[in-house]
Structure formats: C-alpha cells, structure tokens
There are 2 protein chains.
Amino acid sequence: MGIAERKLRQKEEFRASILEAAWLQVLTDGWQSLSIRKIADAIEYSIPVIYNHFENKEAILLEFTKEGFQKLADVLQLVKVQHKDPAMQLEAMANAYWDFAFDHKEFYQLMFGLGIPACDRVNQVAEMKHMTSIMISGIEEAIAASTHKEAELYLKYHTYFSILHGLVSIQMIEKDGKPAEENRRILQDAVSGFIKSLIA
Amino acid sequence: MGIAERKLRQKEEFRASILEAAWLQVLTDGWQSLSIRKIADAIEYSIPVIYNHFENKEAILLEFTKEGFQKLADVLQLVKVQHKDPAMQLEAMANAYWDFAFDHKEFYQLMFGLGIPACDRVNQVAEMKHMTSIMISGIEEAIAASTHKEAELYLKYHTYFSILHGLVSIQMIEKDGKPAEENRRILQDAVSGFIKSLIA
DNA sequence: TATATTTGCTAACACCGTTAATTAAAATTG
DNA sequence: CAATTTTAATTAACGGTGTTAGCAAATATA
C-alpha cells in the first residue's frame with residue numbers, strides 16, 4: 001500500500017512549504033521579524049501545525065543556517081579547484097566569500113548572528129565616529145612615518161578596523177567565555193602582518 | 001526658586017536609575033532579553049513612566065551603544081599616547097581593542113549588533129565545519145608551497161577567516177545595500193597582505 | 001484657595017512563541 | 001460496510017513583549 005509513502009511525501013511537501021513561506025518572510029523583512037504566526041498565515045494553516053514539522057522557531061532558522069553554510073562551502077570549493085596556485089586559491093576564495101555575503105545577505109546575517117539593529121543605531125552615533133577617528137589618526141601617522149606614503153588612508157583604516165572586528169567576533173561566536181590568552185596570538189599575527197605591509 | 005532645578009535633578013536621577021536597572025538586566029541575561037517591563041519592575045514603578053524619559057526601548061540601547069563607543073575611544077586614546085612609534089601605537093591599540101571587547105562583552109555585542117543566537121546554533125552545524133575545512137585545506141596547501149613551512153595552520157586559518165568576516169560585517173554595518181564594487185579593494189588589500197606574509 | 005500642570009497609574013492593544021484540550025478527518029480493523 | 005483507532009488540524013489559552021490612551025492623584029502656579 002502506497003499510503004504511507006504518500007503521507008511521507010505530503011509531510012515532506014508540507015515541510016518544504018513552511019520553509020518556503022518562512023524564507024519569503026526573511027527576504028521581505030529580515031530574519032529578525034520572522035514569526036511563526038506569519039508563516040501559518042502565509043500557508044493558510046493554523047499555528048500549531050508548524051510544530052508538527054519543526055520543534056520550534058529556532059529549528060527553522062537552523063535549517064537556513066545549514067543551507068547557508070552549505071551554499072558557502074559549495075562556492076568556495078568551486079572557485080578553489082579552479083586554481084592551482086595556493087595563493088590564488090586563497091585570493092579567489094576571499095572574493096567568493098565576499099560575493100556570497102552580499103549576494104545572500106540574509107543567509108550571511110543568519111549564519112553569523114548579525115542582528116544589525118546596530119545598523120540603524122550605529123550610524124547616528126557620534127561617539128563611534130570619534131572612536132574611528134582615533135584609529136584613523138593612528139593609521140595616518142603610521143603612513144606618514146612609512147616608506148610608501150602614497151598608501152590610501154581610508155583603505156588602510158578599513159582594513160585595520162575590519163581585522164580587529166573580525167577577530168573579535170569570530171572569537172565570540174566560537175566560544176562563549178573569555179578566550180584563552182593564547183588566542184591573542186591570532187590578533188598579533190594578523191595585526192603585525194598588516195602593520196608590516198603598511199610601513200615597510 | 002530652586003524648584004525647577006530640583007525637578008531637573010530628580011528627573012536626571014530617575015533617568016539614571018532606569019539606565020542602571022537596565023544595565024543590570026543586560027549584564028545578567030544579555031541585551032537580547034532586556035525588557036521595559038523588567039526595568040519597570042526593578043525600579044518599582046509602572047511601565048509608562050519609562051517612556052517619559054526614553055522614547056522607546058531602542059533609545060535605551062542607543063544610550064549604552066554611545067557609552068560603549070565612548071569607553072572604547074577612551075582606552076584607545078589612552079594606549080595610543082603611551083607610544084611614540086606609530087607601528088607600536090597600532091599594535092597597542094589592537095591589543096586594547098581586543099581587551100575591551102572581552103572585558104565588556106555586553107557593550108561590544110550591543111555596539112556591533114552581535115545577536116549571538118547563532119552562537120548556540122552555529123556550533124552544532126556540521127555544514128559550518130565543512131565550510132571551514134575547505135578554508136583550512138587552502139591554507140594548508142599555501143603553507144606547504146611556501147618558504148616557511150613552520151607556519152601554524154590553525155593560527156593562519158583563524159586569521160584568514162577573521163579578516164574575511166570582519167571585512168564583510170563592518171561593511172554590512174556601515175551601509176545597508178550592496179557595497180560599491182570599489183570597496184572590494186579593501187578586501188583585496190587585506191587578503192593580499194595576509195597571503196604575502198603567509199607565503200613569502 | 002482655586003486653577004493649571006505635571007506625574008504616575010490602570011488597562012488595554014497588538015503582537016510574539018508555545019502548548020493543552022478538543023474536534024474533524026482519515027485509516028485500520030472486525 | 002460499520003465500528004474503532006489513529007492521525008491531523010483547530011480553537012483557545014498562557015505568559016511574554018513594546019507601546020499608548022485615558023484617568024486619578026499629587027504638585028506647582030495664580
């Protein structure tokens with residue numbers, strides 16, 4: 001009897017339709033404002049049916065997180081095998097990473113827990129500009145004291161800032177508590193490389 | 001008559017007590033679970049009084065965001081003036097930045113919109129490990145092909161990953177839409193510096 | 001003292017995630 | 001086919017969120 005099979009198939013279709021409706025929500029209003037109730041409304045079923053297919057809202061977001069990492073892994077793998085030279089591999093992967101992030105912004109923000117309420121907030125904060133101006137002046141002095149003074153200030157500042165923020169936030173994602181003092185070496189490695197290329 | 005002054009003073013005290021209670025909440029359970037109702041409960045007033053001092057919840061978080069950037073600016077400025085050599089300034093500022101982030105984790109996460117629901121999510125995602133393994137193998141090959149093969153694999157991988165994530169997320173915070181293609185130069189600058197120091 | 005103003009309150013609105021209890025539908029059994 | 005069990009979907013609720021309208025009490029001004 002194919003009844004069991006049909007039921008399984010229908011269940012799978014139902015699950016897919018939930019994800020589809022959810023993803024539409026995410027694309028429209030961002031993953032912050034995804035709600036079970038809106039999904040239920042979109043698929044024209046009552047709220048509790050969703051809990052027959054997903055344990056909770058988090059499980060739905062987890063599904064997208066997995067999908068996002070799979071997609072990212074795929075594009076990285078794809079560009080990686082297109083180059084033989086390891087250095088070019090790393091460069092190509094970096095470009096692919098960048099493209100993925102902005103071509104699938106919602107995926108990326110979900111994968112790395114980027115809330116971006118700070119986005120609205122941060123840009124109207126004079127205190128932030130003040131902080132960055134201190135960084136910028138540091139870069140400026142370093143360029144002035146270096147051998148190639150043609151280095152672009154804002155480019156270098158952005159690089160410096162990004163390295164710092166990236167190191168910190170990756171560290172925060174990976175572990176909960178304070179990172180082992182040993183991990184500071186990652187910081188020092190990255191920063192010393194940056195400084196070397198800036199002044200030498 | 002000092003009545004107006006006293007009122008202003010009291011109003012200021014009230015405002016401060018709201019922020020104090022709110023910050024206690026943030027320290028206890030993270031800024032995600034800060035709620036107006038819990039603040040009202042803590043200061044033993046009814047809910048709407050809070051709206052006499054802050055337009056909405058976002059305004060309270062904005063206050064902390066400002067405070068955080070001010071604090072960060074202060075520590076950066078402090079360590080900056082302790083060094084004459086610009087390179088050492090940049091290095092010291094990087095260390096201070098790192099320390100600030102982990103010594104004031106709640107501030108940092110608020111300032112940069114780090115939701116960290118992904119934190120729980122991400123670590124149980126096999127797909128992420130798969131993606132990172134592709135990155136790691138790229139680094140591995142680059143080290144193998146380089147002149148100093150003693151370079152530490154995981155250190156370099158973390159550096160590479162952090163640079164990429166930092167560049168992307170700073171870019172996402174600063175602007176809403178897709179970044180101008182010109183901004184990709186920041187990526188290329190940072191990555192080429194990293195690769196150079198890795199293989200040369 | 002009477003009026004005007006400010007201050008704080010209760011109660012509600014409109015959402016949210018989640019779940020218990022119940023009815024309607026479907027499949028299985030006799 | 002009829003009775004029974006199993007499954008599916010629903011309604012209604014619980015406890016939570018941010019926010020606001022309307023009202024009473026306390027305070028300041030005239």
# chains A, B, ... in the order shown; residues from 1 in each chain; ligands from 1
call {"tool": "calpha_fit_and_write", "arguments": {"fixed": "chain A", "moving": "chain B", "output": "PDB file with C-alpha atoms, in the first residue's frame"}}
result
ATOM      1  CA  MET B   1       0.628  -0.302   0.167  1.00  0.00           C
ATOM      2  CA  GLY B   2       2.006   3.106  -0.843  1.00  0.00           C
ATOM      3  CA  ILE B   3       0.006   4.970   1.769  1.00  0.00           C
ATOM      4  CA  ALA B   4       2.927   5.354   4.133  1.00  0.00           C
ATOM      5  CA  GLU B   5       5.065   6.594   1.277  1.00  0.00           C
ATOM      6  CA  ARG B   6       2.470   9.102   0.183  1.00  0.00           C
ATOM      7  CA  LYS B   7       2.138  10.354   3.734  1.00  0.00           C
ATOM      8  CA  LEU B   8       5.844  10.761   4.054  1.00  0.00           C
ATOM      9  CA  ARG B   9       5.942  12.560   0.755  1.00  0.00           C
ATOM     10  CA  GLN B  10       3.131  14.883   1.803  1.00  0.00           C
ATOM     11  CA  LYS B  11       4.779  15.532   5.097  1.00  0.00           C
ATOM     12  CA  GLU B  12       7.955  16.436   3.282  1.00  0.00           C
ATOM     13  CA  GLU B  13       6.051  18.745   0.957  1.00  0.00           C
ATOM     14  CA  PHE B  14       4.381  20.396   3.882  1.00  0.00           C
ATOM     15  CA  ARG B  15       7.697  20.944   5.562  1.00  0.00           C
ATOM     16  CA  ALA B  16       9.091  22.427   2.384  1.00  0.00           C
ATOM     17  CA  SER B  17       6.150  24.775   2.050  1.00  0.00           C
ATOM     18  CA  ILE B  18       6.725  26.014   5.580  1.00  0.00           C
ATOM     19  CA  LEU B  19      10.348  26.729   4.780  1.00  0.00           C
ATOM     20  CA  GLU B  20       9.374  28.402   1.543  1.00  0.00           C
ATOM     21  CA  ALA B  21       6.905  30.707   3.232  1.00  0.00           C
ATOM     22  CA  ALA B  22       9.379  31.415   6.001  1.00  0.00           C
ATOM     23  CA  TRP B  23      12.130  32.278   3.573  1.00  0.00           C
ATOM     24  CA  LEU B  24       9.852  34.641   1.711  1.00  0.00           C
ATOM     25  CA  GLN B  25       9.244  36.408   4.997  1.00  0.00           C
ATOM     26  CA  VAL B  26      12.957  36.595   5.666  1.00  0.00           C
ATOM     27  CA  LEU B  27      13.676  38.024   2.234  1.00  0.00           C
ATOM     28  CA  THR B  28      10.905  40.574   2.599  1.00  0.00           C
ATOM     29  CA  ASP B  29      11.435  41.880   6.121  1.00  0.00           C
ATOM     30  CA  GLY B  30      14.667  40.316   7.390  1.00  0.00           C
ATOM     31  CA  TRP B  31      15.009  37.318   9.642  1.00  0.00           C
ATOM     32  CA  GLN B  32      14.432  39.448  12.730  1.00  0.00           C
ATOM     33  CA  SER B  33      10.762  39.814  11.967  1.00  0.00           C
ATOM     34  CA  LEU B  34      10.069  36.266  10.940  1.00  0.00           C
ATOM     35  CA  SER B  35       7.156  34.930  12.959  1.00  0.00           C
ATOM     36  CA  ILE B  36       5.433  31.584  13.271  1.00  0.00           C
ATOM     37  CA  ARG B  37       2.089  33.308  13.009  1.00  0.00           C
ATOM     38  CA  LYS B  38       2.949  34.947   9.715  1.00  0.00           C
ATOM     39  CA  ILE B  39       4.161  31.634   8.336  1.00  0.00           C
ATOM     40  CA  ALA B  40       0.927  29.978   9.400  1.00  0.00           C
ATOM     41  CA  ASP B  41      -0.992  32.768   7.751  1.00  0.00           C
ATOM     42  CA  ALA B  42       0.982  32.425   4.529  1.00  0.00           C
ATOM     43  CA  ILE B  43       0.460  28.671   4.208  1.00  0.00           C
ATOM     44  CA  GLU B  44      -3.168  29.061   5.278  1.00  0.00           C
ATOM     45  CA  TYR B  45      -2.957  26.678   8.186  1.00  0.00           C
ATOM     46  CA  SER B  46      -3.326  27.157  11.893  1.00  0.00           C
ATOM     47  CA  ILE B  47      -0.324  27.913  14.037  1.00  0.00           C
ATOM     48  CA  PRO B  48       0.268  24.599  15.813  1.00  0.00           C
ATOM     49  CA  VAL B  49       0.714  22.586  12.620  1.00  0.00           C
ATOM     50  CA  ILE B  50       4.105  24.179  12.223  1.00  0.00           C
ATOM     51  CA  TYR B  51       5.177  22.562  15.452  1.00  0.00           C
ATOM     52  CA  ASN B  52       4.474  19.167  13.929  1.00  0.00           C
ATOM     53  CA  HIS B  53       7.330  19.758  11.542  1.00  0.00           C
ATOM     54  CA  PHE B  54       9.695  21.926  13.548  1.00  0.00           C
ATOM     55  CA  GLU B  55      10.401  21.838  17.225  1.00  0.00           C
ATOM     56  CA  ASN B  56      10.373  25.612  17.453  1.00  0.00           C
ATOM     57  CA  LYS B  57      11.200  28.790  15.595  1.00  0.00           C
ATOM     58  CA  GLU B  58      14.896  28.310  16.232  1.00  0.00           C
ATOM     59  CA  ALA B  59      14.781  25.014  14.353  1.00  0.00           C
ATOM     60  CA  ILE B  60      13.496  26.803  11.274  1.00  0.00           C
ATOM     61  CA  LEU B  61      16.278  29.353  11.460  1.00  0.00           C
ATOM     62  CA  LEU B  62      18.744  26.532  12.012  1.00  0.00           C
ATOM     63  CA  GLU B  63      17.588  25.020   8.755  1.00  0.00           C
ATOM     64  CA  PHE B  64      18.458  28.210   6.912  1.00  0.00           C
ATOM     65  CA  THR B  65      21.755  28.481   8.737  1.00  0.00           C
ATOM     66  CA  LYS B  66      22.690  25.032   7.513  1.00  0.00           C
ATOM     67  CA  GLU B  67      21.565  25.827   4.014  1.00  0.00           C
ATOM     68  CA  GLY B  68      23.617  29.005   4.055  1.00  0.00           C
ATOM     69  CA  PHE B  69      26.801  27.274   5.154  1.00  0.00           C
ATOM     70  CA  GLN B  70      26.250  24.597   2.545  1.00  0.00           C
ATOM     71  CA  LYS B  71      25.840  27.222  -0.158  1.00  0.00           C
ATOM     72  CA  LEU B  72      28.952  29.042   1.009  1.00  0.00           C
ATOM     73  CA  ALA B  73      30.938  25.817   1.132  1.00  0.00           C
ATOM     74  CA  ASP B  74      29.820  25.060  -2.404  1.00  0.00           C
ATOM     75  CA  VAL B  75      30.933  28.356  -3.887  1.00  0.00           C
ATOM     76  CA  LEU B  76      34.248  28.191  -2.030  1.00  0.00           C
ATOM     77  CA  GLN B  77      34.904  24.697  -3.269  1.00  0.00           C
ATOM     78  CA  LEU B  78      33.928  25.717  -6.775  1.00  0.00           C
ATOM     79  CA  VAL B  79      36.378  28.597  -7.070  1.00  0.00           C
ATOM     80  CA  LYS B  80      39.065  26.719  -5.183  1.00  0.00           C
ATOM     81  CA  VAL B  81      39.397  23.957  -7.740  1.00  0.00           C
ATOM     82  CA  GLN B  82      39.611  26.506 -10.526  1.00  0.00           C
ATOM     83  CA  HIS B  83      43.112  27.502  -9.446  1.00  0.00           C
ATOM     84  CA  LYS B  84      46.245  25.485  -9.006  1.00  0.00           C
ATOM     85  CA  ASP B  85      48.337  28.075  -7.229  1.00  0.00           C
ATOM     86  CA  PRO B  86      47.408  28.032  -3.512  1.00  0.00           C
ATOM     87  CA  ALA B  87      47.848  31.781  -3.231  1.00  0.00           C
ATOM     88  CA  MET B  88      45.398  32.315  -6.046  1.00  0.00           C
ATOM     89  CA  GLN B  89      43.050  29.843  -4.417  1.00  0.00           C
ATOM     90  CA  LEU B  90      43.007  31.891  -1.241  1.00  0.00           C
ATOM     91  CA  GLU B  91      42.467  35.081  -3.171  1.00  0.00           C
ATOM     92  CA  ALA B  92      39.662  33.615  -5.248  1.00  0.00           C
ATOM     93  CA  MET B  93      38.001  32.159  -2.171  1.00  0.00           C
ATOM     94  CA  ALA B  94      38.157  35.528  -0.489  1.00  0.00           C
ATOM     95  CA  ASN B  95      36.422  37.142  -3.436  1.00  0.00           C
ATOM     96  CA  ALA B  96      33.817  34.392  -3.529  1.00  0.00           C
ATOM     97  CA  TYR B  97      33.232  34.813   0.190  1.00  0.00           C
ATOM     98  CA  TRP B  98      32.664  38.532  -0.274  1.00  0.00           C
ATOM     99  CA  ASP B  99      30.277  37.943  -3.156  1.00  0.00           C
ATOM    100  CA  PHE B 100      28.321  35.337  -1.271  1.00  0.00           C
ATOM    101  CA  ALA B 101      27.887  37.605   1.742  1.00  0.00           C
ATOM    102  CA  PHE B 102      26.362  40.432  -0.254  1.00  0.00           C
ATOM    103  CA  ASP B 103      24.519  38.352  -2.803  1.00  0.00           C
ATOM    104  CA  HIS B 104      22.883  36.393   0.023  1.00  0.00           C
ATOM    105  CA  LYS B 105      22.837  38.974   2.726  1.00  0.00           C
ATOM    106  CA  GLU B 106      19.976  37.390   4.656  1.00  0.00           C
ATOM    107  CA  PHE B 107      21.784  34.086   4.742  1.00  0.00           C
ATOM    108  CA  TYR B 108      24.968  35.688   5.899  1.00  0.00           C
ATOM    109  CA  GLN B 109      23.366  37.678   8.690  1.00  0.00           C
ATOM    110  CA  LEU B 110      21.561  34.592   9.906  1.00  0.00           C
ATOM    111  CA  MET B 111      24.664  32.433   9.772  1.00  0.00           C
ATOM    112  CA  PHE B 112      26.706  34.816  11.866  1.00  0.00           C
ATOM    113  CA  GLY B 113      24.042  36.252  14.135  1.00  0.00           C
ATOM    114  CA  LEU B 114      24.310  39.732  12.744  1.00  0.00           C
ATOM    115  CA  GLY B 115      21.397  41.520  14.315  1.00  0.00           C
ATOM    116  CA  ILE B 116      21.958  44.824  12.600  1.00  0.00           C
ATOM    117  CA  PRO B 117      19.706  46.733  14.884  1.00  0.00           C
ATOM    118  CA  ALA B 118      23.012  48.455  15.538  1.00  0.00           C
ATOM    119  CA  CYS B 119      22.987  49.430  11.898  1.00  0.00           C
ATOM    120  CA  ASP B 120      20.364  52.085  12.440  1.00  0.00           C
ATOM    121  CA  ARG B 121      21.790  52.849  15.833  1.00  0.00           C
ATOM    122  CA  VAL B 122      25.438  52.969  15.049  1.00  0.00           C
ATOM    123  CA  ASN B 123      25.321  55.446  12.232  1.00  0.00           C
ATOM    124  CA  GLN B 124      23.796  58.159  14.348  1.00  0.00           C
ATOM    125  CA  VAL B 125      26.350  57.763  17.096  1.00  0.00           C
ATOM    126  CA  ALA B 126      28.905  60.534  17.246  1.00  0.00           C
ATOM    127  CA  GLU B 127      30.857  58.525  19.791  1.00  0.00           C
ATOM    128  CA  MET B 128      31.581  55.919  17.158  1.00  0.00           C
ATOM    129  CA  LYS B 129      32.978  58.486  14.760  1.00  0.00           C
ATOM    130  CA  HIS B 130      35.149  59.730  17.591  1.00  0.00           C
ATOM    131  CA  MET B 131      36.507  56.272  18.208  1.00  0.00           C
ATOM    132  CA  THR B 132      37.211  55.628  14.562  1.00  0.00           C
ATOM    133  CA  SER B 133      38.955  58.997  14.278  1.00  0.00           C
ATOM    134  CA  ILE B 134      41.461  57.797  16.860  1.00  0.00           C
ATOM    135  CA  MET B 135      42.116  54.703  14.779  1.00  0.00           C
ATOM    136  CA  ILE B 136      42.403  56.774  11.643  1.00  0.00           C
ATOM    137  CA  SER B 137      44.942  59.123  13.155  1.00  0.00           C
ATOM    138  CA  GLY B 138      47.001  56.111  14.201  1.00  0.00           C
ATOM    139  CA  ILE B 139      47.000  54.814  10.654  1.00  0.00           C
ATOM    140  CA  GLU B 140      47.793  58.276   9.365  1.00  0.00           C
ATOM    141  CA  GLU B 141      50.877  58.580  11.527  1.00  0.00           C
ATOM    142  CA  ALA B 142      52.044  55.132  10.556  1.00  0.00           C
ATOM    143  CA  ILE B 143      51.764  55.972   6.881  1.00  0.00           C
ATOM    144  CA  ALA B 144      53.578  59.267   7.415  1.00  0.00           C
ATOM    145  CA  ALA B 145      56.422  57.424   9.102  1.00  0.00           C
ATOM    146  CA  SER B 146      56.539  54.686   6.483  1.00  0.00           C
ATOM    147  CA  THR B 147      58.456  54.284   3.253  1.00  0.00           C
ATOM    148  CA  HIS B 148      55.457  54.396   0.945  1.00  0.00           C
ATOM    149  CA  LYS B 149      53.485  57.410   1.880  1.00  0.00           C
ATOM    150  CA  GLU B 150      51.137  56.978  -1.039  1.00  0.00           C
ATOM    151  CA  ALA B 151      49.177  54.365   0.928  1.00  0.00           C
ATOM    152  CA  GLU B 152      45.504  55.230   1.018  1.00  0.00           C
ATOM    153  CA  LEU B 153      44.400  56.289   4.458  1.00  0.00           C
ATOM    154  CA  TYR B 154      40.777  55.154   4.415  1.00  0.00           C
ATOM    155  CA  LEU B 155      41.557  51.901   2.708  1.00  0.00           C
ATOM    156  CA  LYS B 156      44.115  51.043   5.355  1.00  0.00           C
ATOM    157  CA  TYR B 157      41.888  52.201   8.172  1.00  0.00           C
ATOM    158  CA  HIS B 158      39.054  50.002   6.956  1.00  0.00           C
ATOM    159  CA  THR B 159      41.405  47.090   6.709  1.00  0.00           C
ATOM    160  CA  TYR B 160      42.716  47.622  10.214  1.00  0.00           C
ATOM    161  CA  PHE B 161      39.276  48.040  11.727  1.00  0.00           C
ATOM    162  CA  SER B 162      37.896  45.050   9.861  1.00  0.00           C
ATOM    163  CA  ILE B 163      40.694  42.790  10.994  1.00  0.00           C
ATOM    164  CA  LEU B 164      40.081  43.741  14.609  1.00  0.00           C
ATOM    165  CA  HIS B 165      36.330  43.346  14.444  1.00  0.00           C
ATOM    166  CA  GLY B 166      36.564  40.114  12.532  1.00  0.00           C
ATOM    167  CA  LEU B 167      38.957  38.576  15.012  1.00  0.00           C
ATOM    168  CA  VAL B 168      36.788  39.556  17.936  1.00  0.00           C
ATOM    169  CA  SER B 169      33.469  38.492  16.519  1.00  0.00           C
ATOM    170  CA  ILE B 170      34.670  35.166  15.179  1.00  0.00           C
ATOM    171  CA  GLN B 171      36.110  34.509  18.586  1.00  0.00           C
ATOM    172  CA  MET B 172      32.812  35.415  20.241  1.00  0.00           C
ATOM    173  CA  ILE B 173      30.864  33.142  17.935  1.00  0.00           C
ATOM    174  CA  GLU B 174      33.129  30.190  18.500  1.00  0.00           C
ATOM    175  CA  LYS B 175      33.251  30.308  22.249  1.00  0.00           C
ATOM    176  CA  ASP B 176      31.095  31.765  24.942  1.00  0.00           C
ATOM    177  CA  GLY B 177      33.443  32.867  27.671  1.00  0.00           C
ATOM    178  CA  LYS B 178      36.621  34.844  27.541  1.00  0.00           C
ATOM    179  CA  PRO B 179      38.971  33.405  24.953  1.00  0.00           C
ATOM    180  CA  ALA B 180      42.114  31.708  26.075  1.00  0.00           C
ATOM    181  CA  GLU B 181      45.004  34.126  26.273  1.00  0.00           C
ATOM    182  CA  GLU B 182      46.657  31.938  23.669  1.00  0.00           C
ATOM    183  CA  ASN B 183      44.130  33.114  21.102  1.00  0.00           C
ATOM    184  CA  ARG B 184      45.555  36.583  21.303  1.00  0.00           C
ATOM    185  CA  ARG B 185      48.296  35.265  19.055  1.00  0.00           C
ATOM    186  CA  ILE B 186      45.771  35.232  16.238  1.00  0.00           C
ATOM    187  CA  LEU B 187      45.309  38.931  16.806  1.00  0.00           C
ATOM    188  CA  GLN B 188      49.004  39.592  16.957  1.00  0.00           C
ATOM    189  CA  ASP B 189      49.674  37.538  13.865  1.00  0.00           C
ATOM    190  CA  ALA B 190      47.060  39.350  11.838  1.00  0.00           C
ATOM    191  CA  VAL B 191      47.929  42.813  13.074  1.00  0.00           C
ATOM    192  CA  SER B 192      51.659  42.406  12.718  1.00  0.00           C
ATOM    193  CA  GLY B 193      51.133  41.246   9.146  1.00  0.00           C
ATOM    194  CA  PHE B 194      49.017  44.287   8.469  1.00  0.00           C
ATOM    195  CA  ILE B 195      51.480  46.678  10.078  1.00  0.00           C
ATOM    196  CA  LYS B 196      54.398  45.155   8.220  1.00  0.00           C
ATOM    197  CA  SER B 197      52.688  45.607   4.880  1.00  0.00           C
ATOM    198  CA  LEU B 198      51.726  49.135   5.900  1.00  0.00           C
ATOM    199  CA  ILE B 199      55.089  50.504   6.918  1.00  0.00           C
ATOM    200  CA  ALA B 200      57.622  48.388   5.022  1.00  0.00           C
TER     201      ALA B 200
END
call {"tool": "interface_residues", "arguments": {"of": "chain D", "to": "chain B", "cutoff": "9 Å", "atoms": "only C-alpha atoms (C1' of nucleotides)", "output": "list in words"}}
result
DT17, DG18, DT19 and DT20 of chain D
call {"tool": "atom_distance", "arguments": {"atom1": "C1' of DA11 (chain C)", "atom2": "C1' of DA24 (chain D)"}}
result
13.4 Å
call {"tool": "decode", "arguments": {"residues": "region 37-97 of chain A", "atoms": "C-alpha atoms", "output": "CSV table (one decimal), in the first residue's frame"}}
result
chain,number,residue,atom,x,y,z
A,37,ARG,CA,2.2,33.3,13.1
A,38,LYS,CA,3.0,34.9,9.8
A,39,ILE,CA,4.2,31.7,8.4
A,40,ALA,CA,1.0,30.0,9.5
A,41,ASP,CA,-0.9,32.8,7.9
A,42,ALA,CA,1.0,32.5,4.6
A,43,ILE,CA,0.5,28.8,4.3
A,44,GLU,CA,-3.2,29.2,5.3
A,45,TYR,CA,-3.0,26.7,8.2
A,46,SER,CA,-3.3,27.2,11.9
A,47,ILE,CA,-0.3,27.9,14.1
A,48,PRO,CA,0.3,24.6,15.8
A,49,VAL,CA,0.7,22.6,12.6
A,50,ILE,CA,4.1,24.2,12.2
A,51,TYR,CA,5.2,22.5,15.4
A,52,ASN,CA,4.4,19.1,13.8
A,53,HIS,CA,7.3,19.7,11.5
A,54,PHE,CA,9.7,21.9,13.5
A,55,GLU,CA,10.4,21.7,17.2
A,56,ASN,CA,10.4,25.5,17.4
A,57,LYS,CA,11.2,28.7,15.6
A,58,GLU,CA,14.9,28.2,16.2
A,59,ALA,CA,14.8,24.9,14.3
A,60,ILE,CA,13.5,26.7,11.3
A,61,LEU,CA,16.3,29.2,11.5
A,62,LEU,CA,18.8,26.4,12.0
A,63,GLU,CA,17.6,24.9,8.7
A,64,PHE,CA,18.5,28.1,6.9
A,65,THR,CA,21.8,28.4,8.7
A,66,LYS,CA,22.8,24.9,7.5
A,67,GLU,CA,21.6,25.7,4.0
A,68,GLY,CA,23.7,28.9,4.1
A,69,PHE,CA,26.9,27.2,5.1
A,70,GLN,CA,26.3,24.5,2.5
A,71,LYS,CA,25.9,27.1,-0.2
A,72,LEU,CA,29.0,29.0,1.0
A,73,ALA,CA,31.0,25.8,1.1
A,74,ASP,CA,29.9,25.0,-2.4
A,75,VAL,CA,31.0,28.3,-3.9
A,76,LEU,CA,34.3,28.2,-2.0
A,77,GLN,CA,35.0,24.7,-3.2
A,78,LEU,CA,34.0,25.7,-6.7
A,79,VAL,CA,36.5,28.6,-7.0
A,80,LYS,CA,39.2,26.7,-5.2
A,81,VAL,CA,39.5,23.9,-7.7
A,82,GLN,CA,39.7,26.5,-10.5
A,83,HIS,CA,43.2,27.5,-9.4
A,84,LYS,CA,46.4,25.5,-8.9
A,85,ASP,CA,48.4,28.1,-7.2
A,86,PRO,CA,47.5,28.1,-3.4
A,87,ALA,CA,47.9,31.8,-3.2
A,88,MET,CA,45.5,32.3,-6.0
A,89,GLN,CA,43.2,29.8,-4.4
A,90,LEU,CA,43.1,31.9,-1.2
A,91,GLU,CA,42.5,35.1,-3.1
A,92,ALA,CA,39.8,33.6,-5.2
A,93,MET,CA,38.1,32.1,-2.1
A,94,ALA,CA,38.2,35.5,-0.5
A,95,ASN,CA,36.5,37.1,-3.4
A,96,ALA,CA,33.9,34.4,-3.5
A,97,TYR,CA,33.3,34.8,0.2
